Amino acid sequence: MNNSVITAPSILAADFADVAGGLRRIEDACAQWIHMDVMDGDFVPNISFGPKMVQDTRARTSLPLDVHLMVNQPERYIAEFIAAGADYLTVHLESTVHVHRVIQSIRQDGARPGLAIVPSTPVRATEELLDDIDLLLIMTVNPGFGGQALIPRGIEKVAQAAQIRSDRGLSFKISVDGGVNRETARALREAGADVLVSGSAFFNSPDPAQYLRDLSGR
Ligand SMILES: O=C(CO)[C@H](O)[C@H](O)COP(=O)(O)O
Ligand SMILES: [Fe+2]
């Protein structure tokens with residue numbers, strides 16, 4: 001059980017005509033990180049925003065920016081997102097052939113590398129990369145949209161990743177993204193999640209600060 005879980009509201013669920021209001025909501029609720037979903041309309045069937053959004057957000061907050069690239073061939077954009085101010089930069093295993101090289105370049109360029117997997121990718125497919133990452137992002141919905149229900153099998157994947165991490169003496173964080181809410185958070189924490197991303201449930205909550213306390217089990 002993780003008692004010091006990091007909460008990372010996703011700006012994807014904010015009103016894009018009032019992003020500053022969304023950022024205020026995240027800061028006022030005492031979130032630890034801001035999750036930023038970049039979608040290219042190719043890797044996923046939706047388009048969100050690019051590096052300028054990260055840069056403009058960086059100028060307004062000192063919270064760590066947890067940038068989740070749902071983009072094919074992300075190597076084309078790594079330098080740009082790091083220059084824009086990404087702290088964690090996460091790429092999908094499924095989005096490029098030479099993902100090991102991309103992870104190396106993220107670290108070389110000064111950000112913390114993350115690796116994400118979609119629901120159909122097993123945790124064992126990440127094993128050759130776990131020594132080199134700071135974050136493993138387990139998607140518990142098919143990427144592209146907020147507001148979907150968590151696929152329960154994802155909870156077992158979190159537990160598997162936590163077991164491998166402990167067996168190998170590694171320290172990457174395990175992040176869960178998709179369908180996180182009050183009902184699913186406890187099982188995810190018990191399975192070993194360190195970071196809980198939450199979009200729609202956070203922005204729909206009447207009391208966002210209490211909602212984040214509930215997510216983190218405090
Ligand atoms: O990566 C994502 C979608 O591809 C989002 O981060 C995720 O879906 C969060 O939204 P919600 O909490 O509403 O499920
Ligand atoms: Fe995400």
# chains A, B, ... in the order shown; residues from 1 in each chain; ligands from 1
$ select_by_dssp --residues "range 30-184 of chain A" --states "strand (DSSP E or B)" --output "ChimeraX atom specification"
/A:34-40,47,65-70,88-92,112-117,135-139,173-177
$ residues_near_ligand --ligand "ligand 1" --cutoff "10 Å" --atoms "only C-alpha atoms and all ligand atoms" --output "number ranges by chain"
A: 8-13, 35-39, 44-46, 67-70, 116, 118, 137-150, 176-181, 196-204
$ residues_around --residues "Ala79 in chain A" --least-positions-apart "2" --cutoff "12 Å" --atoms "only C-alpha atoms" --output "list in words"
Pro51, Pro74, Glu75, Arg76, Tyr77, Phe81, Ile82, Ala83, Ala84, Gly85, Ala86, Leu89, Val102, Ile103, Ser105, Ile106, Arg107, Gln108, Asp109, Gly110 and Ala111 of chain A
$ write_last_selection --atoms "N, CA and C atoms" --output "PDB file, in the first residue's frame"
ATOM      1  N   PRO A  51       3.485  21.759 -27.803  1.00  0.00           N
ATOM      2  CA  PRO A  51       4.460  22.316 -26.857  1.00  0.00           C
ATOM      3  C   PRO A  51       4.109  23.718 -26.347  1.00  0.00           C
ATOM      4  N   PRO A  74       7.522   9.898 -31.403  1.00  0.00           N
ATOM      5  CA  PRO A  74       7.683  11.034 -30.485  1.00  0.00           C
ATOM      6  C   PRO A  74       9.080  11.639 -30.533  1.00  0.00           C
ATOM      7  N   GLU A  75      10.073  10.880 -31.089  1.00  0.00           N
ATOM      8  CA  GLU A  75      11.440  11.419 -31.174  1.00  0.00           C
ATOM      9  C   GLU A  75      11.476  12.748 -31.935  1.00  0.00           C
ATOM     10  N   ARG A  76      10.467  13.005 -32.757  1.00  0.00           N
ATOM     11  CA  ARG A  76      10.422  14.265 -33.513  1.00  0.00           C
ATOM     12  C   ARG A  76      10.183  15.471 -32.608  1.00  0.00           C
ATOM     13  N   TYR A  77       9.689  15.247 -31.393  1.00  0.00           N
ATOM     14  CA  TYR A  77       9.236  16.372 -30.560  1.00  0.00           C
ATOM     15  C   TYR A  77       9.883  16.443 -29.174  1.00  0.00           C
ATOM     16  N   PHE A  81       9.485  19.599 -26.367  1.00  0.00           N
ATOM     17  CA  PHE A  81       8.705  19.516 -25.125  1.00  0.00           C
ATOM     18  C   PHE A  81       9.588  19.750 -23.902  1.00  0.00           C
ATOM     19  N   ILE A  82      10.839  19.349 -23.972  1.00  0.00           N
ATOM     20  CA  ILE A  82      11.726  19.595 -22.829  1.00  0.00           C
ATOM     21  C   ILE A  82      12.050  21.087 -22.747  1.00  0.00           C
ATOM     22  N   ALA A  83      12.313  21.695 -23.877  1.00  0.00           N
ATOM     23  CA  ALA A  83      12.558  23.149 -23.873  1.00  0.00           C
ATOM     24  C   ALA A  83      11.321  23.907 -23.373  1.00  0.00           C
ATOM     25  N   ALA A  84      10.148  23.358 -23.623  1.00  0.00           N
ATOM     26  CA  ALA A  84       8.906  24.015 -23.181  1.00  0.00           C
ATOM     27  C   ALA A  84       8.701  23.889 -21.674  1.00  0.00           C
ATOM     28  N   GLY A  85       9.419  22.942 -21.027  1.00  0.00           N
ATOM     29  CA  GLY A  85       9.335  22.864 -19.575  1.00  0.00           C
ATOM     30  C   GLY A  85       8.779  21.576 -19.007  1.00  0.00           C
ATOM     31  N   ALA A  86       8.707  20.512 -19.805  1.00  0.00           N
ATOM     32  CA  ALA A  86       8.239  19.225 -19.264  1.00  0.00           C
ATOM     33  C   ALA A  86       9.220  18.728 -18.207  1.00  0.00           C
ATOM     34  N   LEU A  89       8.645  13.345 -19.041  1.00  0.00           N
ATOM     35  CA  LEU A  89       8.202  13.241 -20.436  1.00  0.00           C
ATOM     36  C   LEU A  89       8.035  11.755 -20.739  1.00  0.00           C
ATOM     37  N   VAL A 102      14.848   6.779 -27.549  1.00  0.00           N
ATOM     38  CA  VAL A 102      14.043   7.967 -27.196  1.00  0.00           C
ATOM     39  C   VAL A 102      14.153   8.237 -25.693  1.00  0.00           C
ATOM     40  N   ILE A 103      14.091   7.163 -24.909  1.00  0.00           N
ATOM     41  CA  ILE A 103      14.204   7.312 -23.449  1.00  0.00           C
ATOM     42  C   ILE A 103      15.575   7.895 -23.085  1.00  0.00           C
ATOM     43  N   SER A 105      17.401   9.783 -24.925  1.00  0.00           N
ATOM     44  CA  SER A 105      17.502  11.185 -25.342  1.00  0.00           C
ATOM     45  C   SER A 105      16.705  12.090 -24.411  1.00  0.00           C
ATOM     46  N   ILE A 106      15.623  11.583 -23.843  1.00  0.00           N
ATOM     47  CA  ILE A 106      14.867  12.403 -22.875  1.00  0.00           C
ATOM     48  C   ILE A 106      15.768  12.713 -21.672  1.00  0.00           C
ATOM     49  N   ARG A 107      16.468  11.686 -21.176  1.00  0.00           N
ATOM     50  CA  ARG A 107      17.335  11.938 -20.018  1.00  0.00           C
ATOM     51  C   ARG A 107      18.497  12.859 -20.398  1.00  0.00           C
ATOM     52  N   GLN A 108      19.095  12.601 -21.554  1.00  0.00           N
ATOM     53  CA  GLN A 108      20.222  13.450 -21.988  1.00  0.00           C
ATOM     54  C   GLN A 108      19.807  14.906 -22.112  1.00  0.00           C
ATOM     55  N   ASP A 109      18.572  15.128 -22.544  1.00  0.00           N
ATOM     56  CA  ASP A 109      18.108  16.507 -22.742  1.00  0.00           C
ATOM     57  C   ASP A 109      17.610  17.142 -21.448  1.00  0.00           C
ATOM     58  N   GLY A 110      17.637  16.393 -20.345  1.00  0.00           N
ATOM     59  CA  GLY A 110      17.406  17.013 -19.046  1.00  0.00           C
ATOM     60  C   GLY A 110      16.037  16.794 -18.424  1.00  0.00           C
ATOM     61  N   ALA A 111      15.216  15.904 -18.980  1.00  0.00           N
ATOM     62  CA  ALA A 111      13.925  15.610 -18.337  1.00  0.00           C
ATOM     63  C   ALA A 111      13.941  14.184 -17.793  1.00  0.00           C
TER      64      ALA A 111
END
$ closest_residue --among "A:Leu170, A:Ala125, A:Ser216, A:Ala209" --to "Arg24 in chain A" --atoms "only C-alpha atoms"
A:Ala209
$ residues_around --residues "Leu115 in chain A" --least-positions-apart "3" --cutoff "10 Å" --atoms "only C-alpha atoms" --output "list of chain:residue names"
A:His68, A:Leu69, A:Leu89, A:Thr90, A:Val91, A:His92, A:Leu93, A:Glu94, A:Val99, A:His100, A:Val102, A:Ile103, A:Thr126, A:Leu129, A:Leu130, A:Asp132, A:Ile133, A:Asp134, A:Leu135, A:Leu136, A:Leu137, A:Ile138, A:Ile174, A:Ser175
$ write_last_selection --atoms "N, CA and C atoms" --output "PDB file, in the first residue's frame"
ATOM      1  N   HIS A  68       2.410  13.555 -21.074  1.00  0.00           N
ATOM      2  CA  HIS A  68       2.097  12.220 -21.609  1.00  0.00           C
ATOM      3  C   HIS A  68       1.904  12.347 -23.116  1.00  0.00           C
ATOM      4  N   LEU A  69       2.905  11.873 -23.868  1.00  0.00           N
ATOM      5  CA  LEU A  69       2.857  12.014 -25.327  1.00  0.00           C
ATOM      6  C   LEU A  69       2.137  10.822 -25.955  1.00  0.00           C
ATOM      7  N   LEU A  89       8.645  13.345 -19.041  1.00  0.00           N
ATOM      8  CA  LEU A  89       8.202  13.241 -20.436  1.00  0.00           C
ATOM      9  C   LEU A  89       8.035  11.755 -20.739  1.00  0.00           C
ATOM     10  N   THR A  90       6.775  11.371 -20.989  1.00  0.00           N
ATOM     11  CA  THR A  90       6.431   9.953 -21.131  1.00  0.00           C
ATOM     12  C   THR A  90       6.043   9.648 -22.564  1.00  0.00           C
ATOM     13  N   VAL A  91       6.668   8.606 -23.099  1.00  0.00           N
ATOM     14  CA  VAL A  91       6.361   8.163 -24.470  1.00  0.00           C
ATOM     15  C   VAL A  91       5.785   6.755 -24.421  1.00  0.00           C
ATOM     16  N   HIS A  92       5.006   6.414 -25.439  1.00  0.00           N
ATOM     17  CA  HIS A  92       4.410   5.077 -25.491  1.00  0.00           C
ATOM     18  C   HIS A  92       5.364   4.070 -26.114  1.00  0.00           C
ATOM     19  N   LEU A  93       5.418   2.895 -25.486  1.00  0.00           N
ATOM     20  CA  LEU A  93       6.166   1.762 -26.041  1.00  0.00           C
ATOM     21  C   LEU A  93       5.691   1.461 -27.465  1.00  0.00           C
ATOM     22  N   GLU A  94       4.401   1.666 -27.708  1.00  0.00           N
ATOM     23  CA  GLU A  94       3.794   1.279 -28.988  1.00  0.00           C
ATOM     24  C   GLU A  94       3.974   2.346 -30.071  1.00  0.00           C
ATOM     25  N   VAL A  99      12.369   2.799 -29.004  1.00  0.00           N
ATOM     26  CA  VAL A  99      11.925   3.540 -27.819  1.00  0.00           C
ATOM     27  C   VAL A  99      13.057   3.669 -26.792  1.00  0.00           C
ATOM     28  N   HIS A 100      13.978   2.717 -26.768  1.00  0.00           N
ATOM     29  CA  HIS A 100      15.112   2.825 -25.839  1.00  0.00           C
ATOM     30  C   HIS A 100      15.937   4.081 -26.135  1.00  0.00           C
ATOM     31  N   VAL A 102      14.848   6.779 -27.549  1.00  0.00           N
ATOM     32  CA  VAL A 102      14.043   7.967 -27.196  1.00  0.00           C
ATOM     33  C   VAL A 102      14.153   8.237 -25.693  1.00  0.00           C
ATOM     34  N   ILE A 103      14.091   7.163 -24.909  1.00  0.00           N
ATOM     35  CA  ILE A 103      14.204   7.312 -23.449  1.00  0.00           C
ATOM     36  C   ILE A 103      15.575   7.895 -23.085  1.00  0.00           C
ATOM     37  N   THR A 126       7.813  -4.354 -21.065  1.00  0.00           N
ATOM     38  CA  THR A 126       8.604  -3.180 -20.656  1.00  0.00           C
ATOM     39  C   THR A 126       9.924  -3.585 -19.995  1.00  0.00           C
ATOM     40  N   LEU A 129      13.391  -2.135 -20.474  1.00  0.00           N
ATOM     41  CA  LEU A 129      13.495  -0.679 -20.395  1.00  0.00           C
ATOM     42  C   LEU A 129      13.413  -0.143 -18.960  1.00  0.00           C
ATOM     43  N   LEU A 130      13.083  -1.026 -18.031  1.00  0.00           N
ATOM     44  CA  LEU A 130      12.764  -0.537 -16.676  1.00  0.00           C
ATOM     45  C   LEU A 130      13.964   0.069 -15.951  1.00  0.00           C
ATOM     46  N   ASP A 132      15.955   2.082 -17.144  1.00  0.00           N
ATOM     47  CA  ASP A 132      16.286   3.393 -17.736  1.00  0.00           C
ATOM     48  C   ASP A 132      15.194   4.450 -17.560  1.00  0.00           C
ATOM     49  N   ILE A 133      14.107   4.100 -16.866  1.00  0.00           N
ATOM     50  CA  ILE A 133      13.001   5.064 -16.774  1.00  0.00           C
ATOM     51  C   ILE A 133      12.790   5.537 -15.332  1.00  0.00           C
ATOM     52  N   ASP A 134      12.148   6.692 -15.203  1.00  0.00           N
ATOM     53  CA  ASP A 134      11.774   7.212 -13.888  1.00  0.00           C
ATOM     54  C   ASP A 134      10.289   6.994 -13.611  1.00  0.00           C
ATOM     55  N   LEU A 135       9.526   6.645 -14.663  1.00  0.00           N
ATOM     56  CA  LEU A 135       8.071   6.511 -14.513  1.00  0.00           C
ATOM     57  C   LEU A 135       7.559   5.453 -15.479  1.00  0.00           C
ATOM     58  N   LEU A 136       6.729   4.548 -14.965  1.00  0.00           N
ATOM     59  CA  LEU A 136       6.010   3.608 -15.834  1.00  0.00           C
ATOM     60  C   LEU A 136       4.541   3.984 -15.751  1.00  0.00           C
ATOM     61  N   LEU A 137       3.968   4.381 -16.890  1.00  0.00           N
ATOM     62  CA  LEU A 137       2.563   4.814 -16.905  1.00  0.00           C
ATOM     63  C   LEU A 137       1.710   3.678 -17.467  1.00  0.00           C
ATOM     64  N   ILE A 138       0.863   3.138 -16.617  1.00  0.00           N
ATOM     65  CA  ILE A 138      -0.013   2.038 -17.028  1.00  0.00           C
ATOM     66  C   ILE A 138      -1.368   2.638 -17.373  1.00  0.00           C
ATOM     67  N   ILE A 174       5.253   4.226 -10.426  1.00  0.00           N
ATOM     68  CA  ILE A 174       4.187   3.592 -11.209  1.00  0.00           C
ATOM     69  C   ILE A 174       2.994   4.551 -11.223  1.00  0.00           C
ATOM     70  N   SER A 175       2.625   4.971 -12.428  1.00  0.00           N
ATOM     71  CA  SER A 175       1.515   5.915 -12.596  1.00  0.00           C
ATOM     72  C   SER A 175       0.346   5.196 -13.259  1.00  0.00           C
TER      73      SER A 175
END
$ select_by_dssp --residues "range 17-215 of chain A" --states "alpha helix (DSSP H)" --output "PyMOL selection string"
chain A and resi 19-28+51-58+78-84+99-108+153-168+182-191+200-203+208-215
$ write_last_selection --atoms "C-alpha atoms" --output "compact mmCIF listing (two decimals), in the first residue's frame"
# COMPACT_ATOMS: atom_id res chain seq x y z
CA VAL A 19 -7.16 26.98 -19.01
CA ALA A 20 -5.96 29.49 -16.40
CA GLY A 21 -9.08 28.72 -14.36
CA GLY A 22 -8.28 25.01 -14.68
CA LEU A 23 -4.73 25.57 -13.44
CA ARG A 24 -6.04 27.56 -10.48
CA ARG A 25 -8.40 24.73 -9.63
CA ILE A 26 -5.47 22.26 -9.70
CA GLU A 27 -3.23 24.47 -7.53
CA ASP A 28 -6.01 25.40 -5.08
CA PRO A 51 4.46 22.32 -26.86
CA LYS A 52 3.11 25.88 -26.66
CA MET A 53 0.51 24.76 -24.15
CA VAL A 54 3.29 23.22 -22.03
CA GLN A 55 5.39 26.38 -22.32
CA ASP A 56 2.50 28.68 -21.36
CA THR A 57 1.59 26.40 -18.43
CA ARG A 58 5.24 26.36 -17.30
CA ILE A 78 11.32 15.42 -27.51
CA ALA A 79 13.64 18.45 -27.56
CA GLU A 80 10.72 20.82 -28.07
CA PHE A 81 8.70 19.52 -25.12
CA ILE A 82 11.73 19.59 -22.83
CA ALA A 83 12.56 23.15 -23.87
CA ALA A 84 8.91 24.01 -23.18
CA VAL A 99 11.93 3.54 -27.82
CA HIS A 100 15.11 2.83 -25.84
CA ARG A 101 16.91 5.52 -27.81
CA VAL A 102 14.04 7.97 -27.20
CA ILE A 103 14.20 7.31 -23.45
CA GLN A 104 17.97 7.92 -23.49
CA SER A 105 17.50 11.19 -25.34
CA ILE A 106 14.87 12.40 -22.87
CA ARG A 107 17.34 11.94 -20.02
CA GLN A 108 20.22 13.45 -21.99
CA ARG A 153 -7.25 -5.89 -15.43
CA GLY A 154 -5.12 -2.73 -15.13
CA ILE A 155 -5.06 -3.16 -11.35
CA GLU A 156 -3.27 -6.53 -11.73
CA LYS A 157 -0.81 -4.89 -14.11
CA VAL A 158 0.07 -2.33 -11.43
CA ALA A 159 0.69 -5.14 -8.94
CA GLN A 160 2.88 -6.99 -11.48
CA ALA A 161 4.94 -3.87 -12.14
CA ALA A 162 5.37 -3.26 -8.39
CA GLN A 163 6.54 -6.87 -7.94
CA ILE A 164 9.10 -6.60 -10.76
CA ARG A 165 10.32 -3.28 -9.37
CA SER A 166 10.85 -4.75 -5.94
CA ASP A 167 12.48 -7.96 -7.29
CA ARG A 168 14.95 -5.90 -9.30
CA ARG A 182 -12.83 7.61 -5.57
CA GLU A 183 -14.14 4.12 -6.34
CA THR A 184 -11.00 2.83 -8.10
CA ALA A 185 -8.23 4.66 -6.19
CA ARG A 186 -7.98 2.40 -3.16
CA ALA A 187 -7.37 -0.78 -5.16
CA LEU A 188 -4.78 1.05 -7.25
CA ARG A 189 -2.94 2.30 -4.17
CA GLU A 190 -3.03 -1.16 -2.64
CA ALA A 191 -1.60 -2.62 -5.86
CA SER A 200 -12.93 14.11 -15.56
CA ALA A 201 -13.57 13.03 -11.97
CA PHE A 202 -11.30 15.85 -10.70
CA PHE A 203 -12.87 18.55 -12.85
CA PRO A 208 -11.58 19.18 -5.65
CA ALA A 209 -9.32 19.45 -2.57
CA GLN A 210 -11.35 16.84 -0.69
CA TYR A 211 -11.47 14.71 -3.83
CA LEU A 212 -7.64 14.66 -4.02
CA ARG A 213 -7.37 13.83 -0.32
CA ASP A 214 -9.75 10.92 -0.94
CA LEU A 215 -7.67 9.75 -3.91
